[in-house]
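Just work.cif here, mmCIF, C-alpha atoms:
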```
data_upload
#
loop_
_atom_site.label_atom_id
_atom_site.label_comp_id
_atom_site.auth_asym_id
_atom_site.auth_seq_id
_atom_site.Cartn_x
_atom_site.Cartn_y
_atom_site.Cartn_z
CA GLN C 1 -6.78 -13.68 6.42
CA SER C 2 -4.82 -10.44 6.85
CA VAL C 3 -1.91 -10.18 9.28
CA LEU C 4 -3.46 -6.93 10.54
CA THR C 5 -7.11 -7.23 11.54
CA GLN C 6 -9.60 -4.42 10.96
CA PRO C 7 -13.39 -4.40 11.42
CA PRO C 8 -15.10 -4.80 8.03
CA SER C 9 -17.30 -1.77 8.64
CA VAL C 10 -17.97 1.13 11.00
CA SER C 11 -20.54 3.89 10.86
CA GLY C 12 -21.35 7.19 12.47
CA ALA C 13 -23.54 10.24 12.12
CA PRO C 14 -22.26 13.58 10.84
CA GLY C 15 -20.34 15.43 13.55
CA GLN C 16 -19.65 12.30 15.58
CA ARG C 17 -16.31 10.67 16.37
CA VAL C 18 -15.50 7.22 15.04
CA THR C 19 -12.51 4.97 15.52
CA ILE C 20 -11.15 2.19 13.34
CA SER C 21 -9.02 -0.44 15.03
CA CYS C 22 -6.06 -2.33 13.60
CA THR C 23 -4.91 -5.36 15.57
CA GLY C 24 -1.57 -6.95 14.90
CA SER C 25 0.98 -9.03 16.79
CA SER C 26 4.40 -9.01 18.40
CA SER C 27 6.12 -9.16 15.00
CA ASN C 28 4.57 -5.97 13.65
CA ILE C 29 2.74 -3.35 15.73
CA GLY C 30 3.83 -4.95 18.99
CA ALA C 31 7.46 -4.85 17.86
CA GLY C 32 7.28 -1.08 17.67
CA TYR C 33 6.95 -0.66 13.91
CA ASP C 34 5.02 2.39 12.78
CA VAL C 35 1.42 2.05 11.61
CA HIS C 36 0.30 3.99 8.55
CA TRP C 37 -3.26 4.73 7.45
CA TYR C 38 -4.78 5.15 3.99
CA GLN C 39 -8.10 6.38 2.67
CA GLN C 40 -9.54 5.06 -0.58
CA PHE C 41 -12.69 6.17 -2.34
CA PRO C 42 -14.33 3.74 -4.80
CA GLY C 43 -12.49 3.62 -8.10
CA THR C 44 -9.66 5.85 -6.92
CA VAL C 45 -6.04 5.52 -5.81
CA PRO C 46 -5.29 5.04 -2.10
CA LYS C 47 -4.22 8.20 -0.28
CA LEU C 48 -1.80 8.31 2.64
CA LEU C 49 -3.61 9.75 5.63
CA ILE C 50 -1.21 9.30 8.54
CA TYR C 51 2.33 7.91 8.59
CA GLY C 52 5.21 7.37 10.94
CA ASN C 53 4.86 8.99 14.32
CA SER C 54 1.38 10.47 13.74
CA ASN C 55 2.47 12.58 10.78
CA ARG C 56 -0.17 13.93 8.41
CA PRO C 57 0.73 14.75 4.81
CA SER C 58 -0.03 18.27 3.69
CA GLY C 59 -3.75 18.76 3.14
CA VAL C 60 -4.98 16.08 5.54
CA PRO C 61 -7.16 17.77 8.17
CA ASP C 62 -6.39 17.38 11.86
CA ARG C 63 -9.78 15.70 12.29
CA PHE C 64 -7.78 12.55 11.51
CA SER C 65 -5.52 11.22 14.25
CA ASP C 66 -4.02 7.93 15.33
CA SER C 67 -2.92 6.10 18.45
CA LYS C 68 -1.07 2.93 19.28
CA SER C 69 -0.97 0.61 22.29
CA GLY C 70 0.62 -2.80 22.55
CA THR C 71 -0.23 -4.81 19.47
CA SER C 72 -3.04 -2.53 18.31
CA ALA C 73 -3.48 0.84 16.67
CA SER C 74 -6.48 3.04 15.96
CA LEU C 75 -7.49 5.75 13.54
CA ALA C 76 -9.86 8.36 14.94
CA ILE C 77 -11.99 10.71 12.87
CA THR C 78 -13.69 13.57 14.69
CA GLY C 79 -16.38 15.87 13.33
CA LEU C 80 -17.45 13.20 10.87
CA GLN C 81 -18.41 14.53 7.43
CA ALA C 82 -20.25 12.93 4.53
CA GLU C 83 -17.10 13.13 2.40
CA ASP C 84 -15.26 10.90 4.89
CA GLU C 85 -17.25 7.92 3.62
CA ALA C 86 -14.56 5.66 2.17
CA ASP C 87 -12.47 2.54 2.79
CA TYR C 88 -9.64 2.83 5.32
CA TYR C 89 -6.56 0.61 5.53
CA CYS C 90 -3.80 0.26 8.10
CA GLN C 91 -0.29 -0.84 7.14
CA SER C 92 2.85 -1.77 9.06
CA TYR C 93 6.08 -3.71 8.72
CA ASP C 94 6.28 -7.33 9.87
CA SER C 95 9.66 -8.68 10.94
CA SER C 96 8.71 -12.34 10.62
CA LEU C 97 7.56 -11.78 7.04
CA SER C 98 10.33 -9.27 6.27
CA GLY C 99 7.85 -7.10 4.48
CA SER C 100 4.95 -4.73 4.75
CA VAL C 101 1.44 -5.87 5.55
CA PHE C 102 -1.98 -4.25 5.13
CA GLY C 103 -5.12 -4.69 7.13
CA GLY C 104 -8.17 -6.04 5.36
CA GLY C 105 -9.76 -2.61 5.19
CA THR C 106 -12.72 -0.95 6.91
CA LYS C 107 -15.66 0.62 5.11
CA LEU C 108 -16.79 3.80 6.84
CA THR C 109 -20.44 4.74 6.34
CA VAL C 110 -21.67 8.20 7.31
CA LEU C 111 -25.30 7.83 8.32
CA GLU H 1 4.70 17.38 -10.31
CA VAL H 2 5.42 14.15 -8.47
CA GLN H 3 4.14 11.31 -10.63
CA LEU H 4 4.23 7.54 -11.02
CA VAL H 5 3.02 5.95 -14.24
CA GLU H 6 2.64 2.19 -14.51
CA SER H 7 2.61 0.23 -17.76
CA GLY H 8 2.88 -3.29 -19.11
CA GLY H 9 -0.29 -4.86 -17.75
CA GLY H 10 -2.56 -7.01 -19.83
CA LEU H 11 -4.20 -10.39 -20.33
CA VAL H 12 -1.88 -13.35 -19.89
CA GLN H 13 -2.44 -17.09 -19.72
CA PRO H 14 -1.80 -19.03 -16.51
CA GLY H 15 1.80 -20.13 -16.21
CA ARG H 16 3.10 -17.38 -18.49
CA SER H 17 5.21 -14.33 -17.61
CA LEU H 18 4.71 -10.58 -17.66
CA ARG H 19 6.87 -7.59 -16.80
CA ILE H 20 5.28 -4.41 -15.50
CA SER H 21 7.03 -1.07 -15.21
CA CYS H 22 6.68 2.20 -13.34
CA ALA H 23 8.15 5.50 -14.54
CA ALA H 24 8.81 8.07 -11.82
CA SER H 25 9.15 11.82 -12.17
CA GLY H 26 9.10 14.97 -10.06
CA PHE H 27 11.25 13.67 -7.18
CA THR H 28 14.72 12.29 -6.54
CA PHE H 29 13.96 8.66 -7.34
CA ASP H 30 17.13 7.18 -5.88
CA ASP H 31 16.44 8.69 -2.45
CA TYR H 32 13.42 6.50 -1.81
CA ALA H 33 12.34 2.90 -1.49
CA MET H 34 9.59 1.75 -3.81
CA HIS H 35 6.76 -0.76 -3.62
CA TRP H 36 4.32 -2.77 -5.68
CA VAL H 37 0.86 -3.09 -4.11
CA ARG H 38 -2.03 -4.93 -5.76
CA GLN H 39 -5.79 -4.86 -5.39
CA PRO H 40 -7.94 -7.66 -6.81
CA PRO H 41 -11.33 -6.52 -8.16
CA GLY H 42 -13.62 -5.61 -5.28
CA LYS H 43 -11.05 -6.57 -2.63
CA GLY H 44 -8.54 -4.92 -0.35
CA LEU H 45 -4.93 -3.84 -0.74
CA GLU H 46 -2.14 -6.42 -0.70
CA TRP H 47 1.53 -5.49 -0.43
CA VAL H 48 3.40 -7.45 -3.09
CA SER H 49 7.02 -6.33 -2.92
CA GLY H 50 9.37 -3.55 -1.88
CA ILE H 51 12.91 -2.47 -2.75
CA SER H 52 15.25 -0.11 -0.91
CA TRP H 53 16.73 2.99 -2.50
CA ASN H 54 19.91 1.24 -3.65
CA SER H 55 18.38 -2.20 -4.36
CA GLY H 56 20.31 -3.55 -1.38
CA SER H 57 17.18 -4.84 0.29
CA ARG H 58 14.14 -6.45 -1.31
CA GLY H 59 11.09 -8.09 0.19
CA TYR H 60 8.19 -10.13 -1.12
CA ALA H 61 4.80 -11.28 0.07
CA ASP H 62 4.65 -15.03 0.65
CA SER H 63 2.05 -15.29 -2.11
CA VAL H 64 4.57 -14.22 -4.79
CA LYS H 65 7.90 -15.25 -3.31
CA GLY H 66 9.92 -17.28 -5.81
CA ARG H 67 7.75 -16.18 -8.74
CA PHE H 68 8.03 -12.37 -8.78
CA THR H 69 11.22 -10.28 -8.89
CA ILE H 70 11.34 -6.58 -8.15
CA SER H 71 14.07 -4.36 -9.57
CA ARG H 72 14.84 -0.73 -10.20
CA ASP H 73 17.02 1.35 -12.50
CA ASN H 74 17.86 4.61 -10.77
CA ALA H 75 19.48 5.99 -13.92
CA LYS H 76 16.13 5.62 -15.69
CA ASN H 77 13.94 6.56 -12.70
CA SER H 78 12.11 3.29 -13.20
CA LEU H 79 10.74 0.40 -11.13
CA TYR H 80 9.98 -3.05 -12.50
CA MET H 81 8.27 -6.28 -11.52
CA GLN H 82 9.01 -9.48 -13.40
CA MET H 83 6.11 -11.85 -12.82
CA ASN H 84 6.61 -15.52 -13.70
CA SER H 85 4.37 -18.58 -13.34
CA LEU H 86 1.31 -16.36 -13.17
CA ARG H 87 -1.84 -17.69 -11.56
CA ALA H 88 -5.49 -16.69 -11.72
CA GLU H 89 -5.21 -15.32 -8.19
CA ASP H 90 -2.59 -12.82 -9.39
CA THR H 91 -5.35 -10.99 -11.29
CA ALA H 92 -5.44 -7.47 -9.87
CA LEU H 93 -4.76 -3.79 -10.34
CA TYR H 94 -1.06 -3.34 -9.64
CA TYR H 95 0.01 -0.03 -8.09
CA CYS H 96 3.50 1.38 -7.95
CA ALA H 97 4.03 3.39 -4.75
CA LYS H 98 6.82 5.58 -3.34
CA ASP H 99 7.98 5.08 0.25
CA THR H 100 8.48 8.04 2.56
CA SER H 101 12.02 6.80 3.30
CA GLY H 102 14.90 4.97 1.65
CA HIS H 103 14.06 1.65 3.25
CA TYR H 104 10.79 -0.10 2.44
CA GLY H 105 8.51 -0.55 5.41
CA ASP H 106 7.38 3.01 5.96
CA GLY H 107 4.31 4.78 4.60
CA MET H 108 3.64 5.16 0.89
CA ASP H 109 2.94 8.76 0.00
CA VAL H 110 2.73 8.72 -3.79
CA TRP H 111 0.77 6.18 -5.84
CA GLY H 112 0.38 5.62 -9.55
CA GLN H 113 -2.96 4.99 -11.23
CA GLY H 114 -2.17 1.30 -11.55
CA THR H 115 -1.89 -1.24 -14.36
CA THR H 116 -4.31 -4.14 -14.67
CA VAL H 117 -3.03 -7.69 -14.87
CA THR H 118 -5.54 -10.38 -15.81
CA VAL H 119 -4.50 -14.02 -15.70
CA SER H 120 -6.93 -16.19 -17.63
CA SER H 121 -6.98 -18.82 -20.32
#
```
Render the structure in this file as structure tokens.
Amino acid sequence: QSVLTQPPSVSGAPGQRVTISCTGSSSNIGAGYDVHWYQQFPGTVPKLLIYGNSNRPSGVPDRFSDSKSGTSASLAITGLQAEDEADYYCQSYDSSLSGSVFGGGTKLTVL
Amino acid sequence: EVQLVESGGGLVQPGRSLRISCAASGFTFDDYAMHWVRQPPGKGLEWVSGISWNSGSRGYADSVKGRFTISRDNAKNSLYMQMNSLRAEDTALYYCAKDTSGHYGDGMDVWGQGTTVTVSS
């Protein structure tokens, strides 16, 4: 059981907008720690998608955005494309564990 | 080119020890915190351990606390993980990852290709 909870799967049609939720608690997201998002294609290395205060590394399109409220955060993908089909993970810091934590991951399927 | 290259993985019997390493290049290693993240076959990512830029702060997942020790040698641009009392559930691909800041707990913007650790008799 992950400290950060993500839906196992989400899906959407090309061009649509999808969101992936990441639910934590008062010792991580709710404590104000940043949430970071990663994209991982099968058999490849995870890639940082969004970090810190909604920062996107160079090369990440602005179709990817994030939001945070209370003990939850969300990743939004607009203008869904076939190449967005991948696994997505959220990550934050947890003060009670004194370490980082990942969500269980969400598999995005583009219909 | 910014690069992380892990090494030292392999097949080890339960209860034995293994030390994995990560060689960094292309960035100022001692400016950043570093992490070990693992991924069991077919499963999700699990943060294992992190170390601040000057080794002053280290953290561990509960699943490895007391068995694994993270360390770094800034003179050699290298990160290490000493893994003792290995268990079958430690079997995974182990990634070395660079933090975006000097204190672990922020995003990880550079990842190595990983080194596979298999614990089996």
Quiz item: Got a sec to pull out which chain C residues are within 7 Å of chain H, counting all atoms listed in the file, and send them as a PyMOL selection string?
Solution: chain C and resi 36+45+48+51-52+92-93+98-102+104-105
Self-check item: Residue with smallest distance to Asp66 (chain C) - pool C:Gln40, C:Ser21, C:Asn28, C:Thr5, counting only C-alpha atoms
Solution: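 Answer, going by the shortest atom-to-atom distance: C:Ser21.
Atom pair CA of Asp34 (chain C) / CA of Asp99 (chain H): separated by 13.2 Å.
The protein and nucleic acid residues lying at most 7 Å from Thr71 (chain C) are C:Thr23, C:Gly24, C:Ser25, C:Ser26, C:Ile29, C:Gly30, with only C-alpha atoms considered and sequence neighbours fewer than 3 positions away removed.
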Go ahead and write the selection's residues with C-alpha atoms as a tab-separated table (two decimals), in the coordinates of the input.
```
chain	number	residue	atom	x	y	z
C	23	THR	CA	-4.91	-5.36	15.57
C	24	GLY	CA	-1.57	-6.95	14.90
C	25	SER	CA	0.98	-9.03	16.79
C	26	SER	CA	4.40	-9.01	18.40
C	29	ILE	CA	2.74	-3.35	15.73
C	30	GLY	CA	3.83	-4.95	18.99
```
3 Å per side around region 46-53 of chain H: axis-aligned box centre and edge lengths, as JSON:
```
{"center_x": 7.3, "center_y": -2.2, "center_z": -1.8, "size_x": 24.9, "size_y": 16.4, "size_z": 8.7}
```
Practice problem: Can you turn the PyMOL selection byres ((chain H and resi 103) around 7) into a concrete residue list for this file, as a PyMOL selection string? | Solution: chain H and resi 33+52-53+101-102+104-105
Exercise. Find, counting all atoms listed in the file, the residue in C:Ser54, C:Ser95, C:Gln81, C:Ser65 that gets nearest to Gly15 (chain C).
Key: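 Among the listed residues, the smallest separation from Gly15 (chain C) belongs to C:Gln81.
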Practice problem: For CA of Ala31 (chain C) and CA of Leu75 (chain C), quote the distance in Å rounded to one decimal. | Solution: 18.8 Å
Quiz item: Mind pulling up the distance from CA of Ser85 (chain H) to CA of Thr116 (chain H)?
Solution: 16.9 Å
Practice problem: May I have the protein, DNA and RNA residues with any atom at most 8 Å from the point (-18.6, -0.7, 7.4), counting all atoms listed in the file, written as a list in words? | Solution: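 Protein and nucleic acid residues near the point are Pro7, Pro8, Ser9, Val10, Ser11, Thr106, Lys107, Leu108 and Thr109 of chain C.
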Quiz prompt | Selection near Phe64 (chain C), 7 Å with only C-alpha atoms, sequence-local residues under 4 positions removed, as a ChimeraX atom specification | solution = /C:76-78
Quiz item: Between H:Met34, H:Ala75, H:Ile70, H:Met83, which has the minimum distance to Ser17 (chain H) (counting only C-alpha atoms)?
Solution: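 Using only C-alpha atoms, the shortest distance to Ser17 (chain H) belongs to H:Met83.
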Quiz prompt | Best match for closeness to Arg16 (chain H) among H:Thr69, H:Thr118, H:Gln3, H:Ser55, counting only C-alpha atoms | solution =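 Ranked by minimum distance to Arg16 (chain H), first place goes to H:Thr118.
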Self-check item: Spatial neighbours of Pro14 (chain H), 7 Å, all atoms listed in the file, chain gap at least 4 places, as a ChimeraX atom specification
Solution: /H:85-88,119-121
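Ranking C:Tyr33, C:Thr19, C:Pro14, C:Phe41 by their shortest atom-to-atom distance to Asn53 (chain C), with all atoms listed in the file included, puts C:Tyr33 first.
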Output region 40-51 of chain H with all heavy atoms present, as a compact mmCIF listing (two decimals), in the coordinates of the input.
```txt
# COMPACT_ATOMS: atom_id res chain seq x y z
N PRO H 40 -7.03 -6.87 -5.97
CA PRO H 40 -7.94 -7.66 -6.81
C PRO H 40 -9.29 -6.95 -6.93
O PRO H 40 -9.66 -6.18 -6.04
CB PRO H 40 -8.07 -8.98 -6.06
CG PRO H 40 -6.87 -9.04 -5.17
CD PRO H 40 -6.60 -7.62 -4.79
N PRO H 41 -10.03 -7.19 -7.99
CA PRO H 41 -11.33 -6.52 -8.16
C PRO H 41 -12.23 -6.69 -6.96
O PRO H 41 -12.48 -7.82 -6.51
CB PRO H 41 -11.91 -7.22 -9.39
CG PRO H 41 -10.73 -7.74 -10.14
CD PRO H 41 -9.71 -8.10 -9.09
N GLY H 42 -12.69 -5.58 -6.39
CA GLY H 42 -13.62 -5.61 -5.28
C GLY H 42 -13.02 -6.02 -3.94
O GLY H 42 -13.76 -6.23 -2.97
N LYS H 43 -11.69 -6.13 -3.87
CA LYS H 43 -11.05 -6.57 -2.63
C LYS H 43 -10.09 -5.50 -2.10
O LYS H 43 -9.98 -4.42 -2.65
CB LYS H 43 -10.33 -7.89 -2.86
CG LYS H 43 -11.28 -9.04 -3.23
CD LYS H 43 -10.57 -10.37 -3.22
CE LYS H 43 -11.55 -11.51 -3.51
NZ LYS H 43 -10.89 -12.85 -3.47
N GLY H 44 -9.41 -5.85 -1.01
CA GLY H 44 -8.54 -4.92 -0.35
C GLY H 44 -7.13 -4.85 -0.93
O GLY H 44 -6.80 -5.54 -1.90
N LEU H 45 -6.30 -4.02 -0.30
CA LEU H 45 -4.93 -3.84 -0.74
C LEU H 45 -4.04 -4.98 -0.25
O LEU H 45 -4.20 -5.45 0.88
CB LEU H 45 -4.38 -2.52 -0.21
CG LEU H 45 -5.12 -1.24 -0.60
CD1 LEU H 45 -4.55 -0.04 0.15
CD2 LEU H 45 -5.08 -1.03 -2.09
N GLU H 46 -3.12 -5.40 -1.09
CA GLU H 46 -2.14 -6.42 -0.70
C GLU H 46 -0.75 -5.94 -1.10
O GLU H 46 -0.50 -5.67 -2.29
CB GLU H 46 -2.42 -7.78 -1.36
CG GLU H 46 -1.39 -8.84 -0.97
CD GLU H 46 -1.52 -10.14 -1.75
OE1 GLU H 46 -2.21 -10.15 -2.79
OE2 GLU H 46 -0.91 -11.15 -1.33
N TRP H 47 0.14 -5.82 -0.12
CA TRP H 47 1.53 -5.49 -0.43
C TRP H 47 2.15 -6.66 -1.16
O TRP H 47 2.04 -7.81 -0.72
CB TRP H 47 2.29 -5.18 0.85
CG TRP H 47 3.74 -4.85 0.65
CD1 TRP H 47 4.26 -3.65 0.26
CD2 TRP H 47 4.84 -5.73 0.84
NE1 TRP H 47 5.63 -3.73 0.19
CE2 TRP H 47 6.02 -5.00 0.55
CE3 TRP H 47 4.98 -7.06 1.24
CZ2 TRP H 47 7.30 -5.55 0.63
CZ3 TRP H 47 6.24 -7.62 1.32
CH2 TRP H 47 7.39 -6.86 1.02
N VAL H 48 2.82 -6.39 -2.27
CA VAL H 48 3.40 -7.45 -3.09
C VAL H 48 4.92 -7.51 -2.89
O VAL H 48 5.48 -8.58 -2.66
CB VAL H 48 3.10 -7.23 -4.59
CG1 VAL H 48 3.81 -8.26 -5.45
CG2 VAL H 48 1.59 -7.26 -4.82
N SER H 49 5.57 -6.35 -2.98
CA SER H 49 7.02 -6.33 -2.92
C SER H 49 7.53 -4.93 -2.67
O SER H 49 6.86 -3.94 -3.00
CB SER H 49 7.60 -6.87 -4.23
OG SER H 49 9.01 -6.93 -4.20
N GLY H 50 8.73 -4.84 -2.09
CA GLY H 50 9.37 -3.55 -1.88
C GLY H 50 10.86 -3.65 -2.13
O GLY H 50 11.45 -4.74 -2.04
N ILE H 51 11.48 -2.52 -2.47
CA ILE H 51 12.91 -2.47 -2.75
C ILE H 51 13.48 -1.18 -2.17
O ILE H 51 12.88 -0.11 -2.30
CB ILE H 51 13.17 -2.59 -4.27
CG1 ILE H 51 14.65 -2.69 -4.59
CG2 ILE H 51 12.51 -1.44 -5.03
CD1 ILE H 51 14.94 -3.08 -6.04
```
